[in-house]
Structure formats: structure tokens, C-alpha cells
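Have a look at my_file_30.cif; it's mmCIF, C-alpha atoms and all ligand atoms:
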data_protein
loop_
_atom_site.label_atom_id
_atom_site.label_comp_id
_atom_site.auth_asym_id
_atom_site.auth_seq_id
_atom_site.Cartn_x
_atom_site.Cartn_y
_atom_site.Cartn_z
CA MET X 1 191.69 70.51 168.46
CA GLU X 2 193.96 68.92 171.01
CA SER X 3 192.95 68.86 174.65
CA GLY X 4 195.11 69.43 177.68
CA LEU X 5 194.57 70.00 181.38
CA ILE X 6 195.85 72.91 183.43
CA HIS X 7 196.04 71.97 187.09
CA ILE X 8 196.02 75.14 189.12
CA PRO X 9 194.51 73.30 191.25
CA TYR X 10 191.70 75.30 193.01
CA MET X 11 191.59 73.01 196.05
CA ARG X 12 189.21 73.68 198.94
CA PRO X 13 191.28 75.39 201.65
CA GLU X 14 190.86 72.49 204.09
CA ARG X 15 192.69 69.98 201.85
CA THR X 16 196.05 68.77 203.11
CA SER X 17 199.22 68.94 201.02
CA ARG X 18 199.10 65.15 200.65
CA GLN X 19 195.49 65.26 199.38
CA THR X 20 196.45 67.99 196.91
CA PHE X 21 199.41 65.97 195.66
CA ASP X 22 197.35 62.75 195.30
CA TRP X 23 194.54 64.60 193.44
CA ALA X 24 197.11 66.02 191.02
CA LEU X 25 198.47 62.55 190.26
CA ALA X 26 194.96 61.08 189.87
CA ASN X 27 194.14 63.79 187.31
CA ALA X 28 197.36 63.16 185.41
CA ARG X 29 196.63 59.40 185.20
CA GLU X 30 193.03 59.95 184.09
CA ALA X 31 194.03 62.59 181.54
CA ASP X 32 196.68 60.28 180.10
CA GLN X 33 194.23 57.40 179.77
CA ALA X 34 191.46 59.61 178.36
CA GLY X 35 193.75 60.85 175.55
CA PHE X 36 194.66 64.36 176.70
CA THR X 37 197.93 65.44 175.15
CA GLU X 38 199.22 67.84 177.83
CA PHE X 39 199.13 68.32 181.58
CA MET X 40 200.21 71.73 182.84
CA VAL X 41 200.83 72.39 186.53
CA ALA X 42 200.72 75.92 187.96
CA GLU X 43 203.18 77.39 190.48
CA HIS X 44 201.99 79.47 193.43
CA ALA X 45 204.03 80.02 196.57
CA THR X 46 201.31 81.79 198.56
CA GLN X 47 197.73 81.15 197.36
CA LYS X 48 195.71 78.85 199.62
CA TRP X 49 193.39 77.72 196.79
CA GLU X 50 196.23 77.38 194.26
CA CYS X 51 198.39 75.30 196.50
CA ILE X 52 201.16 73.72 194.43
CA PRO X 53 204.36 75.70 195.06
CA THR X 54 206.70 73.37 193.15
CA PRO X 55 205.09 71.91 190.00
CA GLU X 56 208.26 69.96 189.19
CA LEU X 57 207.55 67.58 192.10
CA VAL X 58 204.10 66.75 190.72
CA ILE X 59 205.50 66.41 187.20
CA ALA X 60 208.29 64.02 188.24
CA ALA X 61 205.89 61.80 190.20
CA ALA X 62 203.15 61.86 187.54
CA ALA X 63 205.58 61.11 184.73
CA VAL X 64 206.33 57.64 186.09
CA GLN X 65 202.59 56.86 186.44
CA THR X 66 201.67 57.86 182.87
CA GLU X 67 202.66 56.82 179.36
CA ARG X 68 201.96 59.39 176.67
CA ILE X 69 200.90 62.73 178.09
CA LYS X 70 203.36 65.66 178.03
CA PHE X 71 203.97 67.79 181.12
CA ALA X 72 204.80 71.45 181.63
CA PRO X 73 205.06 73.76 184.59
CA MET X 74 202.58 76.53 183.72
CA ALA X 75 204.17 78.49 184.73
CA HIS X 76 207.57 78.63 186.34
CA LEU X 77 207.64 82.23 187.50
CA LEU X 78 211.01 83.42 186.28
CA PRO X 79 211.29 86.48 188.57
CA GLN X 80 211.01 84.16 191.59
CA HIS X 81 213.91 81.77 190.85
CA HIS X 82 217.62 82.02 190.39
CA PRO X 83 217.98 81.33 186.66
CA ALA X 84 220.99 79.04 187.08
CA GLN X 85 219.16 76.80 189.54
CA LEU X 86 216.05 76.75 187.32
CA ALA X 87 218.00 76.06 184.11
CA ILE X 88 219.64 73.01 185.67
CA GLN X 89 216.43 71.70 187.25
CA VAL X 90 214.36 72.17 184.09
CA GLY X 91 217.04 70.68 181.85
CA TRP X 92 217.40 67.62 184.08
CA LEU X 93 213.63 67.09 184.32
CA SER X 94 213.31 67.32 180.54
CA GLN X 95 215.96 64.59 180.25
CA ILE X 96 214.14 62.41 182.78
CA LEU X 97 210.89 62.79 180.84
CA GLU X 98 212.62 61.98 177.52
CA GLY X 99 210.50 64.16 175.25
CA ARG X 100 207.36 64.45 177.40
CA TYR X 101 208.28 67.88 178.82
CA PHE X 102 208.05 71.50 177.75
CA LEU X 103 208.66 74.66 179.76
CA GLY X 104 205.93 77.14 180.63
CA ILE X 105 207.13 80.53 181.82
CA GLY X 106 205.33 83.49 183.39
CA ALA X 107 205.89 86.73 185.25
CA GLY X 108 203.78 85.86 188.31
CA ALA X 109 200.25 86.94 189.10
CA TYR X 110 200.21 87.53 192.84
CA PRO X 111 202.06 90.32 194.73
CA GLN X 112 202.29 88.17 197.91
CA ALA X 113 204.42 85.61 196.06
CA ALA X 114 206.62 88.42 194.74
CA GLU X 115 206.98 89.80 198.28
CA LEU X 116 207.97 86.36 199.55
CA HIS X 117 210.85 86.45 197.07
CA GLY X 118 211.90 89.97 198.02
CA ILE X 119 210.46 91.67 194.91
CA THR X 120 208.92 94.97 195.97
CA ASP X 121 208.34 96.44 192.50
CA VAL X 122 206.41 94.02 190.30
CA SER X 123 206.65 96.39 187.33
CA THR X 124 210.20 95.02 186.96
CA ASN X 125 208.79 91.52 186.27
CA PRO X 126 208.84 91.63 182.44
CA ALA X 127 212.52 92.70 182.54
CA ARG X 128 213.25 89.94 185.06
CA VAL X 129 211.62 87.36 182.75
CA ARG X 130 213.80 88.44 179.83
CA GLU X 131 217.03 88.47 181.84
CA SER X 132 216.28 85.13 183.46
CA LEU X 133 215.64 83.42 180.16
CA GLU X 134 218.77 84.94 178.64
CA ILE X 135 220.84 83.40 181.45
CA MET X 136 219.07 80.04 181.25
CA GLU X 137 219.69 79.82 177.51
CA LYS X 138 223.38 80.65 178.02
CA ILE X 139 223.65 77.88 180.61
CA TRP X 140 221.96 75.35 178.30
CA LYS X 141 224.65 76.10 175.65
CA ARG X 142 227.27 74.76 178.10
CA GLU X 143 229.92 77.24 176.99
CA PRO X 144 231.97 79.20 179.55
CA PHE X 145 230.64 82.68 180.41
CA HIS X 146 230.34 85.05 183.32
CA TYR X 147 227.31 87.34 183.40
CA GLU X 148 226.53 90.19 185.74
CA GLY X 149 222.99 91.29 185.13
CA GLN X 150 220.51 93.77 186.52
CA PHE X 151 218.88 91.11 188.71
CA TRP X 152 221.18 88.07 188.82
CA ASN X 153 224.77 87.01 188.30
CA ALA X 154 225.59 83.62 186.81
CA GLY X 155 228.18 81.79 184.79
CA TYR X 156 229.23 78.50 183.28
CA PRO X 157 232.51 76.91 184.33
CA GLU X 158 235.16 75.71 181.94
CA GLU X 159 235.76 71.98 181.65
CA VAL X 160 239.56 71.73 181.91
CA ASP X 161 241.05 68.32 181.12
CA ASP X 162 244.35 67.87 183.00
CA GLY X 163 245.43 65.27 180.43
CA GLN X 164 245.94 62.59 183.08
CA GLY X 165 243.13 60.38 181.77
CA HIS X 166 240.85 61.03 184.74
CA ASP X 167 237.19 62.02 184.62
CA ASP X 168 237.11 64.40 187.58
CA HIS X 169 237.01 67.55 185.39
CA LYS X 170 233.79 66.58 183.65
CA ILE X 171 230.74 68.82 184.06
CA ALA X 172 227.33 67.17 184.10
CA ASP X 173 225.14 67.87 181.08
CA TYR X 174 221.76 69.27 182.20
CA SER X 175 220.91 70.88 178.87
CA PRO X 176 217.42 70.24 177.48
CA TRP X 177 216.45 66.82 176.16
CA GLY X 178 216.94 66.70 172.38
CA GLY X 179 219.02 69.91 172.35
CA THR X 180 216.21 72.47 172.43
CA MET X 181 213.55 73.48 174.93
CA ASP X 182 209.99 74.03 173.72
CA ILE X 183 208.76 77.10 175.60
CA ALA X 184 205.23 78.39 176.26
CA VAL X 185 204.40 81.83 177.72
CA THR X 186 201.31 82.85 179.72
CA GLY X 187 199.31 85.94 178.77
CA LEU X 188 196.51 87.67 180.59
CA SER X 189 196.15 91.42 180.05
CA VAL X 190 194.71 93.32 177.09
CA ASN X 191 197.98 94.57 175.61
CA SER X 192 199.84 91.61 176.97
CA PRO X 193 203.63 92.17 177.20
CA SER X 194 203.99 88.43 177.77
CA ILE X 195 202.16 87.51 174.56
CA ARG X 196 204.29 90.02 172.64
CA PHE X 197 207.43 88.41 174.09
CA ALA X 198 206.12 84.97 173.04
CA GLY X 199 205.67 86.27 169.49
CA GLU X 200 209.12 87.90 169.37
CA ARG X 201 210.75 84.63 170.33
CA GLY X 202 208.41 82.26 168.42
CA PHE X 203 207.32 80.62 171.69
CA MET X 204 203.85 79.09 172.21
CA PRO X 205 201.29 81.58 173.54
CA VAL X 206 198.91 80.48 176.33
CA SER X 207 195.92 82.67 177.21
CA ILE X 208 193.18 82.37 179.78
CA TYR X 209 189.90 82.87 177.93
CA SER X 210 188.38 86.07 179.27
CA GLY X 211 186.18 87.22 176.42
CA SER X 212 186.45 87.10 172.65
CA SER X 213 187.83 90.61 172.11
CA ILE X 214 190.71 90.10 174.58
CA LEU X 215 191.54 86.80 172.93
CA LYS X 216 191.52 88.48 169.54
CA THR X 217 193.96 91.14 170.77
CA HIS X 218 196.21 88.39 172.14
CA TRP X 219 196.40 86.67 168.78
CA GLU X 220 196.89 89.97 166.92
CA THR X 221 199.70 90.97 169.34
CA TYR X 222 201.30 87.55 168.94
CA GLU X 223 200.98 87.47 165.16
CA LYS X 224 202.44 90.97 164.70
CA ALA X 225 205.40 90.34 167.02
CA ALA X 226 206.07 86.93 165.44
CA LEU X 227 206.06 88.27 161.87
CA GLU X 228 208.25 91.25 162.82
CA HIS X 229 210.83 88.83 164.21
CA GLY X 230 210.78 86.33 161.35
CA HIS X 231 208.60 83.63 162.95
CA THR X 232 205.54 82.02 161.37
CA PRO X 233 202.56 82.37 163.70
CA ASP X 234 200.80 79.02 163.91
CA ARG X 235 197.38 78.84 165.52
CA SER X 236 197.74 75.11 166.15
CA ARG X 237 200.38 76.03 168.79
CA TYR X 238 198.03 78.50 170.48
CA HIS X 239 196.77 77.26 173.89
CA VAL X 240 193.69 78.68 175.59
CA SER X 241 192.55 77.72 179.06
CA GLN X 242 188.89 77.54 180.04
CA THR X 243 186.54 75.98 182.57
CA VAL X 244 184.77 73.14 180.78
CA PHE X 245 182.42 70.49 182.13
CA VAL X 246 180.66 67.84 180.03
CA ALA X 247 178.03 65.25 181.02
CA GLU X 248 175.50 63.17 179.07
CA THR X 249 172.84 65.92 179.22
CA ASP X 250 172.88 69.70 179.53
CA ALA X 251 170.89 69.63 182.77
CA GLU X 252 173.21 67.09 184.40
CA ALA X 253 176.34 69.01 183.33
CA LYS X 254 174.98 72.30 184.67
CA LYS X 255 174.05 70.74 188.03
CA LEU X 256 177.43 69.02 188.43
CA ALA X 257 179.32 72.19 187.48
CA MET X 258 177.34 74.59 189.66
CA GLU X 259 176.95 72.31 192.68
CA GLY X 260 180.37 70.66 192.40
CA GLY X 261 183.94 71.87 192.75
CA ILE X 262 183.67 74.42 189.93
CA GLY X 263 180.76 76.33 191.51
CA TYR X 264 182.35 76.07 194.95
CA ALA X 265 185.66 77.57 193.76
CA PHE X 266 184.01 80.37 191.77
CA GLU X 267 181.69 81.42 194.60
CA ARG X 268 184.35 81.52 197.28
CA TYR X 269 187.53 82.33 195.39
CA LEU X 270 187.56 82.95 191.65
CA TRP X 271 184.61 85.28 191.15
CA PRO X 272 186.09 87.98 193.49
CA ILE X 273 189.54 87.53 191.94
CA TRP X 274 188.18 87.75 188.41
CA GLU X 275 186.29 90.92 189.35
CA ARG X 276 189.49 92.40 190.78
CA PHE X 277 191.48 91.55 187.63
CA GLY X 278 188.61 92.79 185.37
CA MET X 279 188.36 89.33 183.82
CA LEU X 280 184.54 89.25 183.71
CA GLU X 281 184.30 92.45 181.67
CA GLY X 282 185.13 90.71 178.39
CA TYR X 283 182.39 88.13 178.94
CA ILE X 284 179.82 90.81 179.86
CA LYS X 285 180.71 92.71 176.69
CA ASP X 286 180.42 89.54 174.57
CA VAL X 287 176.79 88.96 175.54
CA GLY X 288 175.87 92.63 175.72
CA GLY X 289 175.05 92.25 179.42
CA ASP X 290 175.33 94.37 182.53
CA PRO X 291 177.59 93.75 185.58
CA SER X 292 174.44 93.47 187.72
CA ASP X 293 173.40 90.39 185.66
CA VAL X 294 176.29 88.38 187.06
CA ASP X 295 175.42 85.53 189.41
CA LEU X 296 176.67 81.94 189.52
CA GLU X 297 174.17 80.75 186.91
CA TRP X 298 175.15 83.62 184.59
CA ILE X 299 178.79 82.58 185.04
CA CYS X 300 177.84 78.96 184.28
CA ASP X 301 176.00 79.94 181.09
CA ASN X 302 178.42 82.60 179.83
CA VAL X 303 181.89 82.02 181.31
CA TRP X 304 182.22 78.25 181.62
CA VAL X 305 181.64 75.93 178.70
CA VAL X 306 179.15 73.45 180.13
CA GLY X 307 176.74 70.94 178.63
CA SER X 308 176.32 67.69 176.74
CA PRO X 309 179.02 66.86 174.17
CA GLU X 310 176.80 68.29 171.40
CA THR X 311 176.22 71.55 173.28
CA VAL X 312 179.89 71.98 174.15
CA ILE X 313 180.93 71.30 170.54
CA GLU X 314 178.45 73.95 169.40
CA LYS X 315 179.65 76.48 172.02
CA LEU X 316 183.33 75.94 171.20
CA ASN X 317 182.70 76.13 167.45
CA LYS X 318 180.96 79.47 168.00
CA LEU X 319 183.95 80.77 169.99
CA TYR X 320 186.26 79.51 167.25
CA GLU X 321 184.29 81.38 164.58
CA PHE X 322 184.38 84.53 166.69
CA THR X 323 188.08 84.46 167.58
CA GLY X 324 189.77 82.43 164.85
CA GLY X 325 190.31 79.51 167.21
CA TRP X 326 193.25 77.86 168.90
CA GLY X 327 195.05 74.52 168.72
CA VAL X 328 194.94 73.24 172.30
CA LEU X 329 192.07 73.67 174.75
CA GLN X 330 193.59 73.71 178.22
CA VAL X 331 190.80 72.56 180.55
CA GLU X 332 191.11 74.05 184.05
CA THR X 333 190.89 71.38 186.75
CA HIS X 334 188.77 71.70 189.89
CA ASP X 335 188.37 69.95 193.22
CA TYR X 336 186.03 66.98 192.64
CA MET X 337 188.06 64.88 195.10
CA ASP X 338 185.10 63.78 197.21
CA ASP X 339 183.24 62.35 194.19
CA PRO X 340 185.65 62.12 191.26
CA ALA X 341 183.55 59.92 188.91
CA PRO X 342 181.58 62.74 187.18
CA TRP X 343 184.75 64.83 186.79
CA PHE X 344 186.68 61.96 185.22
CA GLN X 345 183.69 61.14 182.99
CA SER X 346 183.74 64.79 181.88
CA LEU X 347 187.44 64.50 181.02
CA ARG X 348 186.78 61.40 178.89
CA LEU X 349 183.92 63.10 177.05
CA ILE X 350 186.05 66.21 176.39
CA ALA X 351 189.01 64.25 175.00
CA GLN X 352 187.05 61.61 173.10
CA GLU X 353 183.72 63.18 172.06
CA VAL X 354 184.34 66.92 171.93
CA ALA X 355 187.97 67.65 170.95
CA PRO X 356 188.05 65.53 167.75
CA LYS X 357 185.01 67.43 166.41
CA ILE X 358 186.52 70.93 166.71
CA GLN X 359 188.59 72.09 163.76
CA LEU X 360 190.63 75.24 163.34
CA PRO X 361 188.78 77.38 160.74
CA PHE X 362 191.98 78.13 158.83
CA SER X 363 193.87 74.84 159.16
N1 LIG N 401 200.74 83.22 187.56
C1 LIG N 401 201.24 82.62 188.65
O1 LIG N 401 201.57 83.29 189.63
N2 LIG N 401 201.41 81.25 188.67
C2 LIG N 401 201.01 80.46 187.65
O2 LIG N 401 201.16 79.24 187.70
C3 LIG N 401 200.39 81.08 186.53
N3 LIG N 401 199.91 80.34 185.51
C4 LIG N 401 199.28 80.95 184.48
C5 LIG N 401 198.73 80.18 183.46
C6 LIG N 401 198.07 80.79 182.39
C7 LIG N 401 197.48 79.93 181.32
C8 LIG N 401 197.98 82.20 182.31
C9 LIG N 401 197.34 82.87 181.15
C10 LIG N 401 198.53 82.98 183.32
C11 LIG N 401 199.18 82.37 184.42
N4 LIG N 401 199.73 83.12 185.44
C12 LIG N 401 200.28 82.49 186.52
C13 LIG N 401 199.79 84.59 185.35
C14 LIG N 401 201.16 85.02 184.84
O3 LIG N 401 202.16 84.75 185.78
C15 LIG N 401 201.24 86.51 184.53
O4 LIG N 401 200.68 87.24 185.60
C16 LIG N 401 200.48 86.87 183.30
O5 LIG N 401 200.74 85.97 182.27
C17 LIG N 401 200.89 88.26 182.91
O6 LIG N 401 200.28 88.46 181.69
P1 LIG N 401 200.40 89.79 180.90
O7 LIG N 401 201.80 89.94 180.44
O8 LIG N 401 199.43 89.56 179.81
O9 LIG N 401 199.96 90.91 181.82
#
Just give me the structure as C-alpha cells.
Amino acid sequence: MESGLIHIPYMRPERTSRQTFDWALANAREADQAGFTEFMVAEHATQKWECIPTPELVIAAAAVQTERIKFAPMAHLLPQHHPAQLAIQVGWLSQILEGRYFLGIGAGAYPQAAELHGITDVSTNPARVRESLEIMEKIWKREPFHYEGQFWNAGYPEEVDDGQGHDDHKIADYSPWGGTMDIAVTGLSVNSPSIRFAGERGFMPVSIYSGSSILKTHWETYEKAALEHGHTPDRSRYHVSQTVFVAETDAEAKKLAMEGGIGYAFERYLWPIWERFGMLEGYIKDVGGDPSDVDLEWICDNVWVVGSPETVIEKLNKLYEFTGGWGVLQVETHDYMDDPAPWFQSLRLIAQEVAPKIQLPFS
């Protein structure tokens, strides 16, 4: 299994923008040195706890402070951008990163962010994602077109050489580095339209782990759509994000998770959101529990993957057996800014002690 980070970043509301930015860069440097292969940065225009509105700024700064790790926005919310502007920005950033970039796309989770961008009917989001990507791909081809769509108009100008030997007609090339863009798509709901779209196009699927049966439906949806459209579904490209914390002993890991940034964010922010989105139901079903069982310790034992390296290997292997597994574990970052040492130690243990010992059952 490969290991990546997804930086959402679940900052305490009192953090300044500068603190948030610096914590993102510190995580990218640590992840790079620890051996993580990917660093994804979320995009949220309105959420106080998820306070990075422009992941590309973090990615550009972190890229020059790291050596190997790949970066992706996860996700650029296609309904909330003009596709021409995004195509150019993403293409240019991929060129700057010279192979250490891929594009994560999503529909957008929060209605406030949609409202900010003038979208009043979020049921149009899947159609907006498809139209946006169609325009972006046309722009990356660098051939003249004019497109009038349901949501946006765009085009690509013609490069007309006046034959005078000047260079003033030349159009800058902001197409993706290496000629193609590797694309990943987020998926959340049970019959995820996003995961189906990923399968249709042969893109990488990225799920948030919210119970084994939901994850199974994601893979089944992906596999079916991929096969129907002539793509080979490959579990090693499947990314799943989870809250993971590792320390030398189980007791230490549990204390640091519950009393540290993870517990703080779940108690004040994530637990209510997860309840609203029905994301705890899958976990409750998995252990045959009851909604009244749920408290922070229950969440620590059943939702997060917490413990010594041996315990976390055992827990992940069990989830792999149950679900068929995935190729990249995307560890969700949390705010351990006031005392980063245990968090960074956890990252090292995940990348160096845990990840190499998890194998895909069918690989
Ligand atoms: N929504 C956001 O508004 N911003 C994000 O940065 C973001 N990142 C996501 C990352 C992952 C791994 C997943 C699974 C979802 C993310 N989402 C984010 C939610 C998506 O925008 C979208 O609501 C979701 O993928 C819709 O899934 P569905 O088609 O399964 O209903």
C-alpha cells in the first residue's frame, strides 16, 4: 500500500490564515521526508474549519520545499470555477511541478460555497462537472474552437502567423505536463454519481471511508462503469481517505488521538457533520451497534484507525479483507500545530512501519 496525506485541514477556528498556510507546508515537508507518495489539498471557500480556499497556492509553495512527493488539489470544485481559467492554471502548475502533479476534481460538498458562486440548484453539479471537464480538455488540446454550453462559454484562439518572422502571434502553451493530465475524482454517497463518472472515464476514484458496505458499493460502481467503457479497473489506483494515528503503544496512540487535534475536531466539528451526512451509519452497521453507542471513544475505536504499528496493520488488513482493499491510504491531517512532534512521529510510523506491510489481496 502507498500512503498519502489529504490536508483538509481541520484547523481550530482561531488559527490565522498564515498559521494555516505554515502548517500545510510543514506537513508537506514532513510527509515528503517520511516517504509519503502524495499530498492532496482540499478546496473550501466557506468552511471555517476547512480553511484553504485555493489549494494551488499551498501546492506551489510546498513544491519548492519538497523533493519527491506528488501534489493534487483534492478537489478543485469544477462547478465553482470558469473552466478556461482553471484549465490554464492547472496546466501551468503541472508544468511547474514537472511530473509531481495530478488533478483532483469534485462537485463540492457545501451549499454555502455553491451560494457564494451563484449556484442556487446544487442538483446541477454533476452536469456542471461534466461540462467543465469537457471544456478544459478542449483547451488542453490547443486547437481552435468556440463552445457555448449550458453553464459556460469558452474557446481557443487561432495562432495566425503573419509570415513576417515575428513571434507576436504565438499563444502560450499551458497544456498539461507530459501531454496528459492524471485525474482523480472524489466520491461520497452510496450510489455515487462521481465514482461512476470516474469509472466511465478511467480516472482514479477517491473515497472517504465511511463503512465497509459503502466502500464496496463504490468499488462495484467504479468497476462496472469502467468495464462498460473499455477501461481496466485497477485497485492499486484506488485511494481511500481515513483518520489514522499511530504511536509506539495502543494506549499512547489512543490518548494522543482523543485528546489531540483529532478528538478536538471530531467533537466540535466533524461528528455533527458526519451525522448530518449519514456518514456514521456505515460504521454502526459494520460493528452491529446502535446510534446511542456513539461517543468519542466509540468513534476512536470504530471510525479512526488508531494504535501501535502492529495494531494498525491488523486493523487495516481486516478492512482490506472485508472490502477488497485499495492502493493508496490517504491519511486525513489534523491540527497538531501546538505540539507537532507526536503527529509527525505518527506520519513516519504510517509511511515506514505500516504501509509497507499492507498488501492488496488480489495484486
Ligand atoms: N468537497 C469540497 O467542497 N471540497 C473538497 O476539497 C472536497 N474534497 C473531497 C475529498 C474526498 C476524498 C472526498 C471523497 C470528497 C471531497 N469533497 C470535497 C466532496 C465532493 O466535492 C463531493 O461532494 C462528493 O464527492 C460528491 O460525491 P457523490 O457523487 O458520491 O455524492
Let me have all residues with an atom within 8 Å of ligand LIG 401 (chain N), counting only C-alpha atoms and all ligand atoms, laid out as a ChimeraX atom specification. /X:6,8,41-44,73-77,105-110,113,126,185-195,206-208,239-241,330
Counting all atoms listed in the file, which of X:Tyr320, X:Tyr101, X:Phe39, X:Tyr269 gets nearest to Ser3 in chain X? X:Phe39
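Take the candidates X:Ile88, X:Met40, X:Leu329, X:Ala28 and check each one against Ala61 in chain X using all atoms listed in the file; the shortest distance goes to X:Ala28.
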Straight-line distance linking CA of Glu134 in chain X with CA of Lys216 in chain X, stated in Å to one decimal: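 Atom-to-atom, CA of Glu134 in chain X to CA of Lys216 in chain X, that is 28.9 Å.
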Tell me which of X:Thr249, X:Ser236, X:Thr323, X:Ser346 sits closest to Glu220 in chain X, counting all atoms listed in the file.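 Answer, going by the shortest atom-to-atom distance: X:Thr323.
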Kindly provide, as a list in words, the polymer residues lying within 6 Å of (190.3, 62.4, 193.0), counting only C-alpha atoms and using the coordinates exactly as they appear in the file. Trp23, Ala26, Met337 and Pro340 of chain X
What is the CA of Glu223 in chain X-CA of Leu103 in chain X distance in Å, reported with one decimal? 20.9 Å
One number please: CA of His218 in chain X to CA of Leu270 in chain X, in Å, one decimal.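 Computed distance, CA of His218 in chain X to CA of Leu270 in chain X, equals 22.0 Å.
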For each of X:His229, X:Arg142, X:Arg235, X:Arg12, take the minimum atom-to-atom distance to Glu158 in chain X, counting only C-alpha atoms, then give the residue where this is smallest.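 That would be X:Arg142, the residue with the smallest distance to Glu158 in chain X.
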Best match for closeness to Arg268 in chain X among X:Val64, X:Thr243, X:Phe344, X:Leu296, counting all atoms listed in the file: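 Answer, going by the shortest atom-to-atom distance: X:Leu296.
Among the candidates X:Val160, X:Gln95, X:Arg237, X:Phe203, the residue lying nearest to Gly179 in chain X is X:Gln95 (atoms considered: all atoms listed in the file).
Residues with any atom within 8 Å of the point (176.6, 84.8, 173.9), counting all atoms listed in the file, are X:Asp286, X:Val287, X:Asn302.
Look at Ile313 in chain X: the protein and nucleic acid residues within 7 Å of it, using only C-alpha atoms and passing over chain neighbours fewer than 3 places away, are X:Pro309, X:Glu310, X:Leu316, X:Asn317, X:Val354, X:Lys357, X:Ile358.
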Counting only C-alpha atoms, what is within 10 Å of Lys224 in chain X, bar same-chain residues fewer than 5 positions away, as a PyMOL selection string? chain X and resi 196+199-200+219+229+231+233
